[in-house]
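S.K.: For reference, the file model21.cif (mmCIF, C-alpha atoms and all ligand atoms) is included below:
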data_final
loop_
_atom_site.label_atom_id
_atom_site.label_comp_id
_atom_site.auth_asym_id
_atom_site.auth_seq_id
_atom_site.Cartn_x
_atom_site.Cartn_y
_atom_site.Cartn_z
CA MET A 1 -89.11 62.87 -14.64
CA SER A 2 -88.80 59.35 -13.15
CA ARG A 3 -86.56 57.02 -15.09
CA LYS A 4 -88.13 54.19 -17.04
CA LEU A 5 -87.91 50.80 -15.41
CA ARG A 6 -86.83 47.46 -16.87
CA ILE A 7 -89.43 45.00 -15.72
CA GLY A 8 -89.63 41.23 -16.08
CA ILE A 9 -93.09 39.71 -15.59
CA LEU A 10 -93.37 35.97 -14.90
CA CYS A 11 -96.76 34.32 -15.36
CA HIS A 12 -98.76 31.24 -16.27
CA PRO A 13 -100.12 31.54 -19.81
CA THR A 14 -103.69 31.13 -18.61
CA TYR A 15 -106.73 32.07 -20.66
CA GLY A 16 -108.19 33.87 -17.62
CA GLY A 17 -107.21 34.99 -14.13
CA SER A 18 -103.56 35.59 -13.32
CA GLY A 19 -102.46 35.28 -16.97
CA VAL A 20 -104.84 38.10 -17.90
CA VAL A 21 -103.79 40.33 -15.00
CA ALA A 22 -100.09 39.80 -15.81
CA SER A 23 -100.59 40.43 -19.55
CA GLU A 24 -102.74 43.54 -19.08
CA LEU A 25 -100.24 44.88 -16.55
CA ALA A 26 -97.32 44.21 -18.91
CA LEU A 27 -99.09 46.03 -21.75
CA SER A 28 -100.07 48.97 -19.53
CA LEU A 29 -96.53 49.34 -18.15
CA ALA A 30 -95.13 49.26 -21.70
CA ASP A 31 -97.66 51.96 -22.69
CA ALA A 32 -96.36 54.03 -19.79
CA GLY A 33 -92.87 53.87 -21.36
CA HIS A 34 -91.19 51.08 -19.37
CA ASP A 35 -89.18 48.24 -20.93
CA VAL A 36 -91.25 45.14 -20.29
CA HIS A 37 -90.32 41.48 -20.75
CA VAL A 38 -92.80 38.63 -20.17
CA PHE A 39 -91.46 35.18 -19.21
CA SER A 40 -93.75 32.16 -19.53
CA HIS A 41 -93.78 28.69 -21.08
CA GLU A 42 -96.31 29.89 -23.69
CA VAL A 43 -97.49 33.28 -24.92
CA PRO A 44 -100.43 34.20 -22.64
CA PRO A 45 -103.57 34.51 -24.86
CA ARG A 46 -104.38 38.06 -23.71
CA LEU A 47 -100.86 39.15 -24.73
CA ALA A 48 -100.99 37.20 -27.99
CA ARG A 49 -103.95 39.17 -29.28
CA SER A 50 -102.31 42.55 -28.60
CA PRO A 51 -99.81 44.43 -30.79
CA GLY A 52 -98.32 46.01 -27.61
CA PHE A 53 -94.63 46.87 -27.10
CA VAL A 54 -93.76 43.96 -24.80
CA GLN A 55 -90.96 41.46 -25.37
CA MET A 56 -91.96 37.84 -24.94
CA HIS A 57 -89.59 35.11 -23.73
CA ARG A 58 -91.14 31.70 -24.21
CA ALA A 59 -89.11 29.36 -22.00
CA GLN A 60 -90.04 25.69 -22.06
CA GLY A 61 -86.78 23.86 -21.36
CA VAL A 62 -85.69 20.72 -23.15
CA PRO A 63 -86.91 17.23 -22.24
CA TYR A 64 -84.17 14.89 -20.99
CA PRO A 65 -84.54 11.19 -20.06
CA LEU A 66 -83.35 11.80 -16.49
CA PHE A 67 -86.06 14.41 -15.85
CA HIS A 68 -89.43 13.22 -14.56
CA SER A 69 -90.95 16.27 -16.32
CA THR A 70 -89.38 19.18 -18.19
CA PRO A 71 -88.44 21.87 -15.64
CA HIS A 72 -89.77 24.94 -17.47
CA ASP A 73 -89.37 26.99 -14.29
CA LEU A 74 -85.59 26.54 -14.54
CA ALA A 75 -85.71 27.50 -18.21
CA ILE A 76 -87.56 30.68 -17.14
CA THR A 77 -84.82 31.43 -14.59
CA SER A 78 -82.17 30.97 -17.29
CA ALA A 79 -84.06 33.24 -19.72
CA ILE A 80 -84.30 35.94 -17.04
CA LEU A 81 -80.57 35.73 -16.34
CA ASP A 82 -79.83 35.99 -20.02
CA VAL A 83 -81.89 39.20 -20.34
CA HIS A 84 -80.50 40.61 -17.10
CA ARG A 85 -76.89 40.06 -18.16
CA ALA A 86 -77.51 41.64 -21.56
CA ALA A 87 -79.76 44.56 -20.67
CA GLY A 88 -80.35 44.63 -16.90
CA LEU A 89 -83.66 44.12 -15.15
CA ASP A 90 -84.77 46.25 -12.20
CA ILE A 91 -87.84 44.29 -11.16
CA LEU A 92 -88.98 40.70 -11.43
CA HIS A 93 -92.73 40.57 -10.90
CA ALA A 94 -93.84 37.00 -10.23
CA HIS A 95 -97.53 36.25 -10.71
CA TYR A 96 -98.76 33.21 -8.76
CA ALA A 97 -96.37 32.03 -6.06
CA LEU A 98 -95.27 28.71 -7.56
CA PRO A 99 -93.16 28.27 -9.49
CA HIS A 100 -92.64 31.90 -10.49
CA ALA A 101 -91.52 33.39 -7.21
CA VAL A 102 -89.01 30.52 -6.99
CA SER A 103 -87.71 31.22 -10.51
CA ALA A 104 -87.40 34.91 -9.58
CA TYR A 105 -85.62 34.08 -6.31
CA LEU A 106 -83.06 31.90 -8.12
CA ALA A 107 -82.51 34.54 -10.81
CA ARG A 108 -81.96 37.22 -8.15
CA ALA A 109 -79.48 34.97 -6.27
CA ALA A 110 -77.56 34.26 -9.50
CA ALA A 111 -77.55 37.95 -10.45
CA ARG A 112 -76.16 38.81 -7.01
CA SER A 113 -73.30 36.38 -7.44
CA ASP A 114 -72.51 37.86 -10.88
CA ARG A 115 -71.40 41.08 -9.14
CA GLY A 116 -72.05 42.97 -12.35
CA ARG A 117 -75.27 44.91 -12.53
CA PRO A 118 -77.37 45.36 -9.38
CA ALA A 119 -79.61 42.34 -8.90
CA PRO A 120 -83.32 42.83 -9.66
CA ARG A 121 -85.84 43.16 -6.83
CA ILE A 122 -88.72 40.70 -6.53
CA VAL A 123 -92.40 41.60 -6.31
CA THR A 124 -94.75 38.63 -5.94
CA THR A 125 -98.49 38.88 -6.60
CA LEU A 126 -100.60 36.17 -4.99
CA HIS A 127 -103.76 35.35 -6.93
CA GLY A 128 -105.76 32.75 -5.02
CA THR A 129 -105.20 29.03 -5.34
CA ASP A 130 -101.44 29.60 -5.10
CA ILE A 131 -102.29 30.14 -1.42
CA THR A 132 -105.54 28.26 -0.81
CA LEU A 133 -104.90 25.05 -2.78
CA VAL A 134 -101.37 24.68 -4.20
CA GLY A 135 -99.61 26.63 -1.46
CA ASN A 136 -101.53 24.85 1.23
CA GLU A 137 -100.58 21.42 -0.06
CA SER A 138 -97.95 19.97 2.32
CA SER A 139 -95.52 19.22 -0.52
CA TYR A 140 -95.42 22.91 -1.46
CA ALA A 141 -96.29 24.87 1.71
CA PRO A 142 -92.75 25.31 3.12
CA LEU A 143 -91.46 26.62 -0.22
CA THR A 144 -94.48 28.91 -0.67
CA GLN A 145 -93.81 30.39 2.77
CA PHE A 146 -90.12 30.82 1.96
CA VAL A 147 -90.69 32.73 -1.27
CA ILE A 148 -93.33 34.96 0.31
CA ARG A 149 -90.78 35.98 2.92
CA GLU A 150 -87.91 36.32 0.46
CA SER A 151 -89.81 38.60 -1.92
CA ASP A 152 -89.01 42.29 -1.59
CA ALA A 153 -92.75 42.98 -1.70
CA VAL A 154 -95.86 40.82 -1.89
CA THR A 155 -99.28 41.88 -3.10
CA THR A 156 -102.63 40.12 -2.92
CA VAL A 157 -105.59 40.79 -5.19
CA SER A 158 -108.09 41.12 -2.32
CA HIS A 159 -108.24 41.80 1.42
CA TRP A 160 -109.66 38.32 1.88
CA LEU A 161 -106.59 36.76 0.23
CA SER A 162 -104.32 38.92 2.36
CA ARG A 163 -106.01 37.59 5.52
CA GLU A 164 -105.78 33.99 4.24
CA THR A 165 -102.08 34.43 3.45
CA ARG A 166 -101.35 35.86 6.88
CA ALA A 167 -103.28 33.10 8.63
CA ARG A 168 -101.57 30.32 6.67
CA PHE A 169 -98.03 31.61 6.14
CA CYS A 170 -97.20 34.45 8.50
CA VAL A 171 -97.88 32.98 11.93
CA ASP A 172 -94.74 31.23 13.13
CA GLY A 173 -92.73 34.23 14.28
CA GLY A 174 -90.29 34.11 11.33
CA ALA A 175 -89.44 37.11 9.17
CA PRO A 176 -92.50 39.39 8.85
CA CYS A 177 -94.74 39.18 5.78
CA HIS A 178 -95.15 42.53 4.01
CA LEU A 179 -98.45 42.23 2.20
CA GLU A 180 -100.14 44.99 0.23
CA VAL A 181 -103.57 44.69 -1.35
CA ILE A 182 -103.66 45.86 -4.98
CA PRO A 183 -106.99 44.81 -6.50
CA ASN A 184 -107.32 43.55 -10.05
CA PHE A 185 -108.27 46.07 -12.70
CA VAL A 186 -110.15 46.28 -15.97
CA ASP A 187 -109.80 48.25 -19.18
CA THR A 188 -113.20 49.95 -18.99
CA ALA A 189 -112.88 51.25 -22.55
CA GLY A 190 -112.46 47.75 -24.02
CA PHE A 191 -114.92 46.11 -21.60
CA SER A 192 -117.81 48.52 -22.06
CA PRO A 193 -121.59 48.33 -22.56
CA SER A 194 -121.03 49.39 -26.17
CA ALA A 195 -118.46 46.65 -26.83
CA LEU A 196 -120.74 44.89 -29.29
CA ARG A 197 -118.94 45.23 -32.60
CA GLU A 198 -120.18 42.10 -34.32
CA PRO A 199 -123.20 39.82 -33.84
CA SER A 200 -122.83 37.80 -30.67
CA ALA A 201 -124.12 34.39 -29.56
CA CYS A 202 -125.84 36.21 -26.70
CA GLN A 203 -128.07 38.03 -29.19
CA ARG A 204 -128.94 34.96 -31.25
CA ALA A 205 -129.78 32.88 -28.16
CA ASP A 206 -133.31 32.06 -27.17
CA GLY A 207 -134.60 34.49 -24.50
CA PRO A 208 -132.42 36.35 -21.99
CA THR A 209 -128.94 34.98 -21.40
CA VAL A 210 -126.79 34.02 -18.43
CA VAL A 211 -123.09 34.03 -19.32
CA HIS A 212 -120.40 32.15 -17.44
CA VAL A 213 -116.69 32.31 -18.33
CA SER A 214 -114.14 29.97 -16.73
CA ASN A 215 -111.64 27.17 -17.11
CA PHE A 216 -114.25 24.59 -15.96
CA ARG A 217 -112.10 23.43 -13.05
CA PRO A 218 -113.93 21.88 -10.06
CA VAL A 219 -113.48 25.08 -8.01
CA LYS A 220 -115.73 26.89 -10.54
CA ARG A 221 -118.60 24.38 -9.99
CA VAL A 222 -120.02 24.69 -13.50
CA PRO A 223 -122.16 21.51 -13.11
CA TRP A 224 -123.65 23.13 -9.97
CA LEU A 225 -124.43 26.21 -12.09
CA VAL A 226 -126.13 24.09 -14.77
CA ARG A 227 -128.40 22.61 -12.08
CA ALA A 228 -129.18 26.05 -10.60
CA PHE A 229 -129.99 27.38 -14.08
CA ALA A 230 -132.30 24.42 -14.79
CA ALA A 231 -134.19 25.21 -11.58
CA ALA A 232 -134.43 28.91 -12.55
CA LEU A 233 -135.98 28.15 -15.94
CA LYS A 234 -139.30 26.69 -14.77
CA GLY A 235 -140.46 26.21 -18.35
CA ARG A 236 -139.51 29.74 -19.41
CA SER A 237 -137.22 30.61 -22.24
CA ALA A 238 -133.61 31.62 -21.44
CA THR A 239 -130.12 30.47 -22.41
CA LEU A 240 -127.03 29.62 -20.38
CA VAL A 241 -123.97 30.59 -22.44
CA LEU A 242 -120.85 28.75 -21.25
CA VAL A 243 -117.53 30.22 -22.39
CA GLY A 244 -114.21 28.48 -21.79
CA ASP A 245 -113.12 24.88 -21.46
CA GLY A 246 -111.65 22.49 -18.94
CA PRO A 247 -112.05 19.29 -16.95
CA ASP A 248 -115.78 19.61 -16.05
CA GLN A 249 -117.02 20.54 -19.54
CA LEU A 250 -118.08 17.02 -20.57
CA GLU A 251 -119.94 16.51 -17.29
CA CYS A 252 -121.86 19.75 -17.98
CA ARG A 253 -122.90 18.54 -21.42
CA ALA A 254 -124.12 15.23 -19.97
CA LEU A 255 -125.96 17.07 -17.21
CA ALA A 256 -127.72 19.40 -19.64
CA ARG A 257 -129.01 16.28 -21.46
CA GLU A 258 -130.03 14.57 -18.23
CA LEU A 259 -131.92 17.67 -17.04
CA GLY A 260 -133.66 18.06 -20.42
CA ILE A 261 -132.27 21.56 -21.06
CA VAL A 262 -129.90 20.89 -23.99
CA GLU A 263 -131.72 23.52 -26.06
CA HIS A 264 -131.06 26.08 -23.35
CA VAL A 265 -127.29 25.60 -22.90
CA LEU A 266 -124.66 26.81 -25.38
CA PHE A 267 -121.03 25.66 -25.15
CA LEU A 268 -118.86 28.24 -26.92
CA GLY A 269 -115.40 26.99 -25.90
CA GLU A 270 -112.51 29.42 -25.40
CA ARG A 271 -113.18 32.83 -26.98
CA ASP A 272 -111.23 36.06 -27.19
CA ALA A 273 -114.33 38.18 -27.89
CA LEU A 274 -115.31 38.34 -24.24
CA ALA A 275 -116.58 41.91 -24.16
CA GLU A 276 -118.84 41.21 -27.13
CA LEU A 277 -120.32 38.23 -25.28
CA LEU A 278 -120.58 39.96 -21.91
CA ALA A 279 -122.14 43.27 -23.00
CA PRO A 280 -125.44 41.92 -24.39
CA ALA A 281 -125.85 39.29 -21.63
CA GLY A 282 -128.68 39.60 -19.12
CA VAL A 283 -126.67 38.22 -16.19
CA PHE A 284 -123.12 37.02 -15.49
CA ALA A 285 -122.92 33.95 -13.22
CA LEU A 286 -120.02 32.98 -10.94
CA SER A 287 -120.71 29.82 -8.97
CA SER A 288 -117.27 29.07 -7.46
CA SER A 289 -116.67 27.34 -4.14
CA SER A 290 -113.70 29.66 -3.59
CA GLU A 291 -112.66 32.81 -5.43
CA SER A 292 -110.08 35.30 -4.25
CA PHE A 293 -111.36 38.09 -6.52
CA GLY A 294 -113.40 37.05 -9.59
CA LEU A 295 -111.84 38.93 -12.49
CA SER A 296 -114.40 37.62 -14.99
CA ALA A 297 -117.19 39.12 -12.83
CA LEU A 298 -115.40 42.48 -12.90
CA GLU A 299 -115.09 42.31 -16.71
CA ALA A 300 -118.84 41.62 -16.90
CA MET A 301 -119.61 44.54 -14.56
CA SER A 302 -117.50 46.81 -16.70
CA CYS A 303 -119.71 45.80 -19.65
CA GLY A 304 -122.77 46.84 -17.64
CA THR A 305 -123.86 43.27 -16.86
CA PRO A 306 -125.07 42.48 -13.31
CA VAL A 307 -123.58 39.50 -11.49
CA VAL A 308 -125.15 36.56 -9.67
CA ALA A 309 -122.45 34.93 -7.56
CA THR A 310 -121.67 32.81 -4.55
CA ASP A 311 -120.52 34.86 -1.58
CA VAL A 312 -117.08 33.28 -1.23
CA GLY A 313 -113.57 34.64 -0.69
CA GLY A 314 -113.09 38.15 -2.01
CA VAL A 315 -116.16 38.20 -4.30
CA SER A 316 -118.04 40.62 -2.02
CA GLU A 317 -115.12 43.07 -2.42
CA VAL A 318 -116.04 43.21 -6.12
CA VAL A 319 -119.82 42.60 -6.26
CA GLU A 320 -122.06 44.55 -3.89
CA HIS A 321 -125.14 42.54 -2.97
CA GLY A 322 -128.37 44.25 -4.00
CA VAL A 323 -126.51 47.02 -5.87
CA THR A 324 -124.28 45.56 -8.58
CA GLY A 325 -125.46 41.95 -8.31
CA LEU A 326 -126.89 39.29 -6.02
CA LEU A 327 -124.85 37.07 -3.69
CA SER A 328 -125.88 33.86 -1.96
CA PRO A 329 -124.16 31.42 0.41
CA ALA A 330 -121.83 28.97 -1.33
CA ASN A 331 -124.05 25.93 -0.78
CA ASP A 332 -127.46 27.50 -1.30
CA ARG A 333 -128.24 26.43 -4.85
CA GLU A 334 -131.90 27.31 -4.47
CA ALA A 335 -131.09 30.95 -3.60
CA PHE A 336 -128.59 31.12 -6.48
CA GLY A 337 -131.26 29.82 -8.90
CA SER A 338 -133.82 32.34 -7.57
CA HIS A 339 -131.31 35.15 -8.06
CA LEU A 340 -130.75 34.04 -11.66
CA ALA A 341 -134.50 34.00 -12.28
CA GLU A 342 -134.96 37.37 -10.56
CA LEU A 343 -132.53 39.14 -12.90
CA LEU A 344 -133.30 37.12 -16.05
CA PHE A 345 -137.02 37.71 -15.92
CA SER A 346 -137.10 41.26 -14.47
CA PRO A 347 -135.19 43.19 -17.13
CA ASP A 348 -135.75 46.59 -15.45
CA ALA A 349 -134.14 45.44 -12.20
CA ALA A 350 -131.29 43.83 -14.18
CA ARG A 351 -130.71 47.01 -16.19
CA LYS A 352 -130.57 49.12 -13.02
CA MET A 353 -128.02 46.78 -11.43
CA GLY A 354 -126.09 46.64 -14.70
CA SER A 355 -125.70 50.43 -14.72
CA ALA A 356 -124.59 50.38 -11.09
CA ALA A 357 -122.12 47.59 -11.95
CA ARG A 358 -120.59 49.66 -14.76
CA GLU A 359 -120.33 52.71 -12.50
CA SER A 360 -118.65 50.65 -9.77
CA ALA A 361 -116.13 49.10 -12.21
CA VAL A 362 -115.17 52.55 -13.55
CA ARG A 363 -114.95 54.17 -10.10
CA ARG A 364 -113.11 51.41 -8.24
CA PHE A 365 -111.23 49.19 -10.68
CA GLU A 366 -110.24 51.31 -13.68
CA ARG A 367 -106.89 50.23 -15.11
CA ALA A 368 -105.50 53.78 -15.18
CA ALA A 369 -106.02 54.08 -11.42
CA ILE A 370 -104.62 50.69 -10.38
CA VAL A 371 -101.54 50.25 -12.61
CA PRO A 372 -99.72 53.29 -11.08
CA ARG A 373 -99.97 51.53 -7.71
CA TYR A 374 -97.73 48.76 -9.07
CA GLU A 375 -95.33 51.34 -10.51
CA ALA A 376 -95.19 53.10 -7.13
CA LEU A 377 -94.50 49.78 -5.43
CA TYR A 378 -91.66 48.98 -7.86
CA ARG A 379 -90.03 52.35 -7.17
CA ARG A 380 -90.45 51.87 -3.45
CA VAL A 381 -88.68 48.50 -3.43
CA LEU A 382 -85.92 49.93 -5.62
CA GLY A 383 -85.35 52.77 -3.15
CA SER A 384 -85.15 56.49 -3.77
CA ALA A 385 -82.43 56.12 -6.46
CA SER A 386 -85.08 55.29 -9.04
O1 LIG B 401 -106.05 30.75 -8.53
C1 LIG B 401 -106.57 30.27 -9.54
O2 LIG B 401 -107.52 29.49 -9.59
C2 LIG B 401 -105.98 30.63 -10.80
C3 LIG B 401 -105.99 32.07 -10.97
C4 LIG B 401 -105.62 32.11 -12.37
O3 LIG B 401 -104.42 32.09 -12.60
O4 LIG B 401 -106.49 32.01 -13.21
O5 LIG B 401 -107.25 32.69 -10.61
C5 LIG B 401 -107.18 33.47 -9.45
O6 LIG B 401 -106.66 34.71 -9.85
C6 LIG B 401 -107.57 35.58 -10.52
C7 LIG B 401 -106.80 36.84 -10.92
O7 LIG B 401 -106.26 37.48 -9.81
C8 LIG B 401 -108.74 35.89 -9.59
O8 LIG B 401 -109.64 36.78 -10.23
C9 LIG B 401 -109.45 34.59 -9.27
O9 LIG B 401 -110.48 34.87 -8.33
C10 LIG B 401 -108.48 33.59 -8.68
N1 LIG B 401 -109.15 32.26 -8.59
C11 LIG B 401 -109.47 31.70 -7.43
O10 LIG B 401 -109.25 32.20 -6.35
C12 LIG B 401 -110.16 30.39 -7.53
#
What would the structure in this file look like if it were written as structure tokens?

M.R.:
Amino acid sequence: MSRKLRIGILCHPTYGGSGVVASELALSLADAGHDVHVFSHEVPPRLARSPGFVQMHRAQGVPYPLFHSTPHDLAITSAILDVHRAAGLDILHAHYALPHAVSAYLARAAARSDRGRPAPRIVTTLHGTDITLVGNESSYAPLTQFVIRESDAVTTVSHWLSRETRARFCVDGGAPCHLEVIPNFVDTAGFSPSALREPSACQRADGPTVVHVSNFRPVKRVPWLVRAFAAALKGRSATLVLVGDGPDQLECRALARELGIVEHVLFLGERDALAELLAPAGVFALSSSSESFGLSALEAMSCGTPVVATDVGGVSEVVEHGVTGLLSPANDREAFGSHLAELLFSPDAARKMGSAARESAVRRFERAAIVPRYEALYRRVLGSAS
């Protein structure tokens, strides 16, 4: 039998996206019998709500007058070293290039100079804006490129993100980039059409519902979605259920008032009961200007809810146009609104696509099929000894 691994997972404690992938992976690896430690400056919400056998290291650092801001990434490096010296870590899995791949790189360098236990190997998973926005910013690009090349293995969550990474960071003839695509995954038992365990806002709402879940950052274009939804209504009864919070939330509230659709838009804020909100929804909407994968769309599909989305980034690797949802060009708000109306007001078509969406989530993105690919990658970078 293969020996159990000691794995450190570094992540942002985000409510969605990379924080969810990292937490679900940590919990799944612990279930498989590995020793798993999560390093972050807060407990990621998806981990917080689980009783799973994962050790959490909350590393925030200490403010000091000389520091412009508190360097929590250095505190994470120190916490990793502490665990490594006491118990040994085989793998450091950094989610989102900056700052985590840098923290992992420093910890590996320090562990090498310790000359005690073998230093851990680094696996970096790129999620999206760590390449397209943050990594592309000139103040961070050279460091992003360095850590990609210094990682023992790098994964991307979609083929699209792999191509973007190659085009931006692997073109100058330096050390080769070893990129592997491992798509995001979903727990299809938890996110299921029968997830409704308690009454949900989607059932109380007026008419069929469109659900959107995000952090309301500009890249998600929630105000654009509110406008598209208003156009789809045409005097009919339906509700847009907005889950999550972030910078554009106030603008969306003002816009709903301006467009005269306040009665048709619900703001639920951040919620843990996502499956319960997604399962009874008529449609899930993803209106981003860029999206490397679209994990929230996959969670909706797994609940049997069809998706209306913009055809950007890696979204078409998740949602199949005309089968599991409807895609439109990023700037075609009219088409997006028509797609919303088509699924909201033709329940038979929506149900058919919802069933296909569930089938696709189970067949292509089931957690039990994807997590072993990370385990196999860890063992590969550790060499045959493990
Ligand atoms: O890159 C981000 O915007 C943040 C990131 C996150 O940490 O929430 O989201 C990205 O990673 C998710 C998980 O892999 C993907 O499902 C999202 O598509 C991706 N977001 C973008 O590309 C905008």

S.K.: Please find the residues contacting ligand LIG 401 (chain B) at a distance of at most 6 Å between atoms, with all atoms listed in the file counted, and report them as a list in words.

M.R.: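 Final answer, ordered by chain and number: Gly16, Gly17, Ser18, Gly19, His127, Gly128, Thr129, Asp130, Val157, Ser290, Glu291, Ser292, Phe293, Gly294 and Leu295 of chain A.
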
S.K.: Pick from A:Ala309, A:Val38, A:Val134, A:Leu277: nearest to Ile91 in chain A, with only C-alpha atoms counted?

M.R.: A:Val38

S.K.: As an exercise, work out the distance from CA of Tyr96 in chain A to CA of Leu126 in chain A in Å and give it to one decimal place.

M.R.: 5.1 Å

S.K.: Would you mind listing, for every residue of range 297-343 of chain A within 12 Å of range 224-228 of chain A, the two atoms forming the shortest contact and the distance between them in Å to one decimal, using all atoms listed in the file, sorted by chain and ascending residue number, as CSV?

M.R.:
residue,atom,partner,partner_atom,distance
A:Val308,CA,A:Leu225,CA,10.7
A:Ala309,CA,A:Leu225,CA,10.0
A:Thr310,CA,A:Leu225,CA,10.4
A:Ala330,CA,A:Trp224,CA,10.6
A:Asn331,CA,A:Trp224,CA,9.6
A:Asp332,CA,A:Ala228,CA,9.6
A:Arg333,CA,A:Ala228,CA,5.8
A:Glu334,CA,A:Ala228,CA,6.8
A:Ala335,CA,A:Ala228,CA,8.8
A:Phe336,CA,A:Ala228,CA,6.6
A:Gly337,CA,A:Ala228,CA,4.6
A:Ser338,CA,A:Ala228,CA,8.4
A:His339,CA,A:Ala228,CA,9.7
A:Leu340,CA,A:Ala228,CA,8.2
A:Ala341,CA,A:Ala228,CA,9.7

S.K.: In Å, with one decimal, what is the gap from CA of Arg121 in chain A to CA of Arg380 in chain A?

M.R.: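 Separation of CA of Arg121 in chain A and CA of Arg380 in chain A: 10.4 Å.
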
S.K.: Hey, can you pull every residue with an atom no more than 8 Å from (-117.8, 42.6, -11.6), using all atoms listed in the file, and send it as a short mmCIF file (atom, residue, chain, number, x, y, z; two decimals) with C-alpha atoms, in the frame of the given file?

M.R.:
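File produced: point_16.cif:
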data_model
loop_
_atom_site.label_atom_id
_atom_site.label_comp_id
_atom_site.auth_asym_id
_atom_site.auth_seq_id
_atom_site.Cartn_x
_atom_site.Cartn_y
_atom_site.Cartn_z
CA GLY A 294 -113.40 37.05 -9.59
CA LEU A 295 -111.84 38.93 -12.49
CA SER A 296 -114.40 37.62 -14.99
CA ALA A 297 -117.19 39.12 -12.83
CA LEU A 298 -115.40 42.48 -12.90
CA GLU A 299 -115.09 42.31 -16.71
CA ALA A 300 -118.84 41.62 -16.90
CA MET A 301 -119.61 44.54 -14.56
CA SER A 302 -117.50 46.81 -16.70
CA PRO A 306 -125.07 42.48 -13.31
CA VAL A 307 -123.58 39.50 -11.49
CA VAL A 318 -116.04 43.21 -6.12
CA VAL A 319 -119.82 42.60 -6.26
CA THR A 324 -124.28 45.56 -8.58
CA ALA A 357 -122.12 47.59 -11.95
CA ALA A 361 -116.13 49.10 -12.21
#

S.K.: Tell me, as a list in words, which residues lie within 7 Å of Pro120 in chain A, counting only C-alpha atoms; anything in the same chain fewer than 3 positions away does not count.

M.R.: Leu89, Asp90, Ile91, Leu92 and Arg108 of chain A

S.K.: List as a PyMOL selection string the protein and nucleic acid residues near Val211 in chain A, meaning an atom at most 8 Å away when all atoms listed in the file are counted, but skip any in the same chain fewer than 5 places from it.

M.R.: chain A and resi 240-243+277-278+281-285

S.K.: Could you state the separation of CA of Ala189 in chain A and CA of Ala275 in chain A in Å, given to one decimal place?

M.R.: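 Between CA of Ala189 in chain A and CA of Ala275 in chain A the gap works out to 10.2 Å.
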
S.K.: Between A:His321, A:Arg58, A:Arg166, A:Arg363, which has the minimum distance to Ile9 in chain A (counting all atoms listed in the file)?

M.R.: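 The closest residue to Ile9 in chain A is A:Arg58.
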
S.K.: Determine, counting all atoms listed in the file, which protein, DNA and RNA residues have an atom within 7 Å of an atom of range 48-55 of chain A; residues of the same chain fewer than 6 positions away are not included. Present the result as a PyMOL selection string.

M.R.: chain A and resi 26-27+30+36-38

S.K.: Go ahead and write the selection's residues with C-alpha atoms as a CSV table (one decimal), keeping the file's coordinate frame.

M.R.:
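again_20.csv, written as the output of this step:
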chain,number,residue,atom,x,y,z
A,26,ALA,CA,-97.3,44.2,-18.9
A,27,LEU,CA,-99.1,46.0,-21.8
A,30,ALA,CA,-95.1,49.3,-21.7
A,36,VAL,CA,-91.2,45.1,-20.3
A,37,HIS,CA,-90.3,41.5,-20.8
A,38,VAL,CA,-92.8,38.6,-20.2

S.K.: Which is closest to Val62 in chain A among A:Val154, A:Ser139, A:Ile76, A:Pro372, if we use only C-alpha atoms?

M.R.: A:Ile76

S.K.: Edge lengths and centre, in Å to one decimal, as lines of an AutoDock Vina configuration file: that's what I need for the box along x, y and z that holds all listed atoms of range 54-67 of chain A plus 4 Å on each side.

M.R.:
center_x = -88.6
center_y = 27.6
center_z = -20.6
size_x = 18.4
size_y = 40.8
size_z = 17.5

S.K.: What lies within 12 Å of Ala86 in chain A using only C-alpha atoms, ignoring chain neighbours under 3 positions off, as a list of chain:residue names?

M.R.: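 Close residues of Ala86 in chain A: A:Arg6, A:Ala79, A:Ile80, A:Leu81, A:Asp82, A:Val83, A:Leu89, A:Ala111, A:Gly116, A:Arg117.
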
S.K.: Pick out the closest residue to Leu196 in chain A from this set: A:Glu276, A:Glu270, A:Glu164, A:Glu251. Count only C-alpha atoms.

M.R.: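 That would be A:Glu276, the residue with the smallest distance to Leu196 in chain A.
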
S.K.: Which residue is closest to Ala368 in chain A? Choose from A:Thr209, A:Asp31, A:Ser158, A:Ser287 and count all atoms listed in the file.

M.R.: A:Asp31

S.K.: With distances taken over all atoms listed in the file, which residue among A:Ser194, A:Thr125, A:Ser28, A:Ser2 lies nearest Thr165 in chain A?

M.R.: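 Closest to Thr165 in chain A, using all atoms listed in the file: A:Thr125.
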